[in-house]
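The data block below is data_27.cif; it holds mmCIF, C-alpha atoms.
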data_target
#
loop_
_atom_site.label_atom_id
_atom_site.label_comp_id
_atom_site.auth_asym_id
_atom_site.auth_seq_id
_atom_site.Cartn_x
_atom_site.Cartn_y
_atom_site.Cartn_z
CA MET A 1 12.64 22.05 -24.31
CA VAL A 2 15.28 22.48 -21.59
CA GLU A 3 16.06 26.18 -22.13
CA PRO A 4 12.86 27.54 -20.47
CA LEU A 5 13.69 25.52 -17.35
CA LEU A 6 17.21 26.98 -17.21
CA ALA A 7 15.76 30.47 -17.04
CA ILE A 8 13.72 29.80 -13.89
CA GLY A 9 16.56 30.46 -11.49
CA LYS A 10 20.25 30.05 -10.82
CA VAL A 11 21.56 26.86 -12.37
CA LEU A 12 23.88 24.92 -10.05
CA GLU A 13 24.48 21.99 -12.38
CA HIS A 14 23.41 21.26 -15.92
CA ARG A 15 23.68 17.99 -17.80
CA THR A 16 21.62 16.65 -20.67
CA ASP A 17 21.93 13.10 -22.00
CA LEU A 18 20.05 11.47 -24.86
CA LEU A 19 19.71 7.80 -23.91
CA PRO A 20 17.62 4.82 -25.00
CA TYR A 21 14.96 3.71 -22.54
CA PRO A 22 16.65 0.39 -21.57
CA THR A 23 19.64 2.42 -20.39
CA LEU A 24 17.44 4.40 -18.00
CA VAL A 25 15.57 1.31 -16.80
CA PRO A 26 17.93 -1.68 -17.09
CA THR A 27 16.38 -5.03 -17.86
CA ALA A 28 18.75 -6.90 -15.51
CA HIS A 29 17.27 -6.37 -12.04
CA LEU A 30 18.47 -7.67 -8.72
CA HIS A 31 14.96 -9.07 -8.28
CA PRO A 32 13.12 -10.24 -11.40
CA ASN A 33 10.18 -8.13 -12.51
CA VAL A 34 7.11 -10.32 -12.06
CA GLY A 35 4.48 -7.62 -12.39
CA GLN A 36 3.07 -6.02 -9.25
CA GLN A 37 5.89 -5.69 -6.76
CA ARG A 38 5.35 -6.36 -3.06
CA GLY A 39 6.07 -2.89 -1.75
CA THR A 40 5.14 -1.37 1.61
CA THR A 41 3.73 2.15 1.49
CA THR A 42 2.68 4.88 3.89
CA ASN A 43 2.05 8.60 3.47
CA GLY A 44 1.51 11.90 5.20
CA LEU A 45 -0.15 15.23 4.49
CA PHE A 46 1.77 18.40 5.33
CA THR A 47 0.43 21.88 5.98
CA ALA A 48 3.74 23.60 5.36
CA LEU A 49 6.94 21.87 4.32
CA ASP A 50 9.54 24.08 5.97
CA ASP A 51 13.32 23.53 6.01
CA ALA A 52 13.15 21.10 8.93
CA GLY A 53 10.41 19.12 7.23
CA ALA A 54 12.36 19.05 3.98
CA ARG A 55 15.41 17.72 5.82
CA ALA A 56 13.27 14.99 7.41
CA VAL A 57 11.98 13.95 3.98
CA THR A 58 15.53 13.98 2.62
CA ARG A 59 16.65 11.68 5.44
CA ALA A 60 13.88 9.26 4.45
CA VAL A 61 15.55 8.92 1.05
CA THR A 62 19.21 9.05 2.06
CA GLY A 63 19.12 7.28 5.44
CA PRO A 64 19.58 3.56 6.19
CA GLY A 65 15.99 2.70 5.18
CA ARG A 66 16.41 4.23 1.72
CA GLY A 67 12.72 4.82 1.11
CA VAL A 68 11.32 5.83 -2.27
CA VAL A 69 9.48 9.14 -1.84
CA GLN A 70 6.90 10.93 -3.99
CA LEU A 71 5.82 14.54 -3.44
CA ARG A 72 2.41 15.62 -4.73
CA SER A 73 1.10 19.16 -4.67
CA LEU A 74 -2.30 19.82 -3.06
CA GLY A 75 -4.42 22.90 -2.58
CA GLY A 76 -6.46 24.81 -5.13
CA ALA A 77 -9.89 23.35 -5.83
CA VAL A 78 -9.23 20.46 -3.41
CA ASN A 79 -9.06 22.90 -0.51
CA ASP A 80 -12.17 24.80 -1.62
CA VAL A 81 -14.37 22.00 -0.26
CA ALA A 82 -15.47 22.17 3.37
CA SER A 83 -13.59 19.79 5.65
CA ASP A 84 -16.83 18.17 6.87
CA ALA A 85 -18.41 17.76 3.41
CA THR A 86 -16.91 14.34 2.63
CA ALA A 87 -14.96 11.52 4.25
CA TYR A 88 -11.77 13.30 3.15
CA PRO A 89 -11.42 16.11 5.71
CA HIS A 90 -7.89 17.26 4.83
CA ARG A 91 -8.65 20.60 3.16
CA HIS A 92 -5.87 22.84 4.46
CA GLN A 93 -2.74 20.82 3.66
CA ASP A 94 -0.65 21.67 0.62
CA THR A 95 1.64 18.63 0.16
CA LEU A 96 1.11 14.86 0.05
CA ILE A 97 4.26 12.77 0.54
CA VAL A 98 4.18 9.04 -0.20
CA ALA A 99 6.98 6.79 1.05
CA SER A 100 7.60 3.18 -0.01
CA THR A 101 10.09 0.38 0.42
CA PHE A 102 10.47 -2.72 -1.74
CA PRO A 103 11.88 -6.22 -1.14
CA PRO A 104 14.15 -7.19 0.40
CA GLN A 105 13.29 -4.23 2.64
CA GLY A 106 9.96 -4.25 4.43
CA GLY A 107 7.91 -2.46 7.04
CA ALA A 108 10.70 -2.07 9.57
CA ALA A 109 12.89 -0.27 7.03
CA LEU A 110 9.98 1.94 6.02
CA ASP A 111 9.24 2.85 9.64
CA ALA A 112 12.89 3.78 10.22
CA ALA A 113 13.05 5.88 7.06
CA TRP A 114 9.70 7.62 7.61
CA ARG A 115 9.84 8.21 11.37
CA ALA A 116 11.15 11.81 11.34
CA ALA A 117 8.97 12.94 8.43
CA GLY A 118 5.90 11.10 9.71
CA ALA A 119 6.13 12.89 13.04
CA ARG A 120 5.55 16.17 11.17
CA ALA A 121 2.60 14.91 9.10
CA ASP A 122 -0.87 16.37 9.53
CA GLY A 123 -3.14 13.54 8.41
CA ALA A 124 -2.93 10.86 5.71
CA TYR A 125 -4.66 9.67 2.54
CA VAL A 126 -6.39 6.28 2.60
CA ASN A 127 -5.25 4.99 -0.81
CA PHE A 128 -1.52 5.15 -0.04
CA GLU A 129 -1.45 3.07 3.13
CA SER A 130 -0.63 -0.62 2.77
CA ARG A 131 -0.85 -1.44 6.51
CA PRO A 132 -4.40 -0.55 7.54
CA GLY A 133 -5.39 -0.59 11.18
CA PRO A 134 -6.76 1.66 13.94
CA ALA A 135 -3.64 3.85 14.00
CA ALA A 136 -3.89 4.48 10.25
CA PHE A 137 -7.65 5.10 10.63
CA ALA A 138 -6.96 7.88 13.14
CA ARG A 139 -4.62 9.63 10.69
CA ILE A 140 -6.89 9.19 7.68
CA TYR A 141 -10.25 9.94 9.36
CA PRO A 142 -9.46 12.15 12.35
CA GLY A 143 -11.93 13.44 14.91
CA GLU A 144 -15.58 13.79 13.97
CA THR A 145 -14.91 12.52 10.45
CA GLY A 146 -13.82 9.20 11.91
CA ALA A 147 -16.94 9.05 14.08
CA ARG A 148 -19.15 9.65 11.01
CA VAL A 149 -17.31 6.97 9.02
CA ARG A 150 -17.79 4.47 11.84
CA ARG A 151 -21.51 5.25 12.06
CA LEU A 152 -21.92 4.80 8.32
CA TRP A 153 -20.04 1.48 8.38
CA GLN A 154 -22.25 0.23 11.20
CA ARG A 155 -25.37 1.39 9.38
CA TYR A 156 -24.65 -0.07 5.94
CA ASP A 157 -22.53 -3.07 6.96
CA PRO A 158 -23.84 -4.15 10.38
CA ASP A 159 -22.65 -7.75 9.92
CA GLY A 160 -19.11 -6.70 9.06
CA VAL A 161 -19.10 -8.38 5.65
CA PHE A 162 -17.02 -5.59 4.15
CA ARG A 163 -15.62 -4.24 7.42
CA SER A 164 -12.38 -2.51 6.62
CA ALA A 165 -9.18 -3.52 8.35
CA LEU A 166 -8.82 0.19 9.09
CA LEU A 167 -11.57 -0.24 11.68
CA THR A 168 -10.71 -3.60 13.16
CA GLY A 169 -7.08 -4.30 12.28
CA GLN A 170 -8.29 -7.61 10.86
CA SER A 171 -9.20 -8.85 7.39
CA SER A 172 -12.84 -8.68 6.33
CA ARG A 173 -15.08 -11.72 6.48
CA SER A 174 -15.13 -11.90 2.72
CA ASP A 175 -11.31 -12.15 2.70
CA GLN A 176 -11.45 -14.82 5.39
CA GLY A 177 -14.13 -16.64 3.41
CA ASN A 178 -11.95 -16.57 0.33
CA ARG A 179 -9.10 -18.09 2.33
CA ARG A 180 -11.41 -20.77 3.75
CA ASP A 181 -12.69 -21.54 0.26
CA SER A 182 -9.14 -21.85 -0.96
CA GLY A 183 -8.34 -24.16 1.94
CA ASP A 184 -11.46 -26.24 1.23
CA ARG A 185 -10.51 -26.54 -2.41
CA ALA A 186 -6.98 -27.51 -1.42
CA GLY A 187 -8.41 -30.11 0.97
CA GLN A 188 -10.71 -31.45 -1.72
CA ALA A 189 -7.83 -31.63 -4.11
CA GLY A 190 -5.77 -33.44 -1.49
CA GLY A 191 -8.63 -35.84 -0.87
CA SER A 192 -8.97 -36.50 -4.58
CA ARG A 193 -5.25 -37.22 -4.83
CA GLN A 194 -5.45 -39.62 -1.87
CA ALA A 195 -8.45 -41.37 -3.39
CA SER A 196 -6.62 -41.62 -6.70
CA ARG A 197 -3.57 -43.12 -4.99
CA ALA A 198 -5.81 -45.54 -3.09
CA GLY A 199 -7.47 -46.54 -6.37
CA ARG A 200 -4.14 -47.19 -7.98
CA ALA A 201 -3.00 -49.19 -4.95
CA GLY A 202 -6.16 -51.30 -5.21
CA ARG A 203 -5.52 -52.05 -8.84
CA THR A 204 -1.99 -53.23 -8.10
CA GLY A 205 -3.25 -55.78 -5.54
CA GLN A 206 -5.44 -58.82 -6.13
CA PRO A 207 -8.06 -58.31 -8.83
CA HIS A 208 -11.71 -58.06 -7.85
CA ARG A 209 -13.80 -61.06 -8.70
CA ARG A 210 -16.53 -60.38 -11.19
CA ARG A 211 -20.00 -61.10 -9.89
CA ARG A 212 -22.06 -63.63 -11.84
#
Structure translated into structure tokens:
Amino acid sequence: MVEPLLAIGKVLEHRTDLLPYPTLVPTAHLHPNVGQQRGTTTNGLFTALDDAGARAVTRAVTGPGRGVVQLRSLGGAVNDVASDATAYPHRHQDTLIVASTFPPQGGAALDAAWRAAGARADGAYVNFESRPGPAAFARIYPGETGARVRRLWQRYDPDGVFRSALLTGQSSRSDQGNRRDSGDRAGQAGGSRQASRAGRAGRTGQPHRRRR
């Protein structure tokens, strides 16, 4: 399985190890695995990843921020579609780079790691951006595409029920409603607990006289 890869070009280093999976992914983590991790992610689309761009991406991985970077190839059938045919206008780029940080690092570390590479990006993809807001909107839906997206949002969601944070920088009303509902339930629960404590306090005092 490895031999065809060795024939692609000049081999600078070659090492093959047969290891059990727990050795590759240790079960003893610094932070316990509790399912979905609270990572912070951003991304950029690149028209041509030249040497300077490659160095910027390398610094994102090796610099103080120590971001986790994914490179995904674009082009082909994706770029056959006209740029104004859909809400995804990025039809000339050939590389998507996703950068993430994980606790205890957060957004500040990601910004520091991604700054040089992000300055070279030519657009972004909506599904790899965990901090939506107007600035992200401008990268994801640039120019006339953004204007069309705004018109469609206003047409089909005039009351802002599902208004994306990409447009406003704020949570949607449905999210706010969910938080209010949670607060109401918490308040009701608190009221029930207070009533229960009051009931118990009443029972510990003088007994009520039974009506004849």
TODO: Taking the file above as input, evaluate the PyMOL selection byres ((chain A and resi 117) around 10) and report the hits as a ChimeraX atom specification.
DONE: /A:43-44,46,52-60,97,99,113-116,118-121
Please save C-alpha atoms of the selected residues as a compact mmCIF listing (two decimals), in the coordinates of the input.
# COMPACT_ATOMS: atom_id res chain seq x y z
CA ASN A 43 2.05 8.60 3.47
CA GLY A 44 1.51 11.90 5.20
CA PHE A 46 1.77 18.40 5.33
CA ALA A 52 13.15 21.10 8.93
CA GLY A 53 10.41 19.12 7.23
CA ALA A 54 12.36 19.05 3.98
CA ARG A 55 15.41 17.72 5.82
CA ALA A 56 13.27 14.99 7.41
CA VAL A 57 11.98 13.95 3.98
CA THR A 58 15.53 13.98 2.62
CA ARG A 59 16.65 11.68 5.44
CA ALA A 60 13.88 9.26 4.45
CA ILE A 97 4.26 12.77 0.54
CA ALA A 99 6.98 6.79 1.05
CA ALA A 113 13.05 5.88 7.06
CA TRP A 114 9.70 7.62 7.61
CA ARG A 115 9.84 8.21 11.37
CA ALA A 116 11.15 11.81 11.34
CA GLY A 118 5.90 11.10 9.71
CA ALA A 119 6.13 12.89 13.04
CA ARG A 120 5.55 16.17 11.17
CA ALA A 121 2.60 14.91 9.10
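Take CA of Val68 (chain A) and CA of Val25 (chain A): the distance between them is 15.8 Å.
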Task: Pick from A:Leu19, A:Leu45, A:Val61, A:Leu167 nearest to His92 (chain A), counting only C-alpha atoms - done: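 Answer, going by the shortest atom-to-atom distance: A:Leu45.
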- [ ] Identify, on the basis of only C-alpha atoms, every residue whose closest approach to Ala138 (chain A) does not exceed 12 Å; exclude the query and any residue fewer than 2 positions from it along the same chain; express the result as an MDAnalysis selection string.
- [x] chainID A and resid 89 122:126 132:136 140:147 149:150 166:167
Go ahead and dump the residues you just picked, C-alpha atoms, as a compact mmCIF listing (two decimals), in the coordinates of the input.
# COMPACT_ATOMS: atom_id res chain seq x y z
CA PRO A 89 -11.42 16.11 5.71
CA ASP A 122 -0.87 16.37 9.53
CA GLY A 123 -3.14 13.54 8.41
CA ALA A 124 -2.93 10.86 5.71
CA TYR A 125 -4.66 9.67 2.54
CA VAL A 126 -6.39 6.28 2.60
CA PRO A 132 -4.40 -0.55 7.54
CA GLY A 133 -5.39 -0.59 11.18
CA PRO A 134 -6.76 1.66 13.94
CA ALA A 135 -3.64 3.85 14.00
CA ALA A 136 -3.89 4.48 10.25
CA ILE A 140 -6.89 9.19 7.68
CA TYR A 141 -10.25 9.94 9.36
CA PRO A 142 -9.46 12.15 12.35
CA GLY A 143 -11.93 13.44 14.91
CA GLU A 144 -15.58 13.79 13.97
CA THR A 145 -14.91 12.52 10.45
CA GLY A 146 -13.82 9.20 11.91
CA ALA A 147 -16.94 9.05 14.08
CA VAL A 149 -17.31 6.97 9.02
CA ARG A 150 -17.79 4.47 11.84
CA LEU A 166 -8.82 0.19 9.09
CA LEU A 167 -11.57 -0.24 11.68
Open item on the list: With all atoms listed in the file as the counted atoms, please give the residues lying no more than 9 Å from Thr95 (chain A), apart from itself and same-chain residues fewer than 4 positions off, as a PyMOL selection string.
Closed with: chain A and resi 44-49+71-75
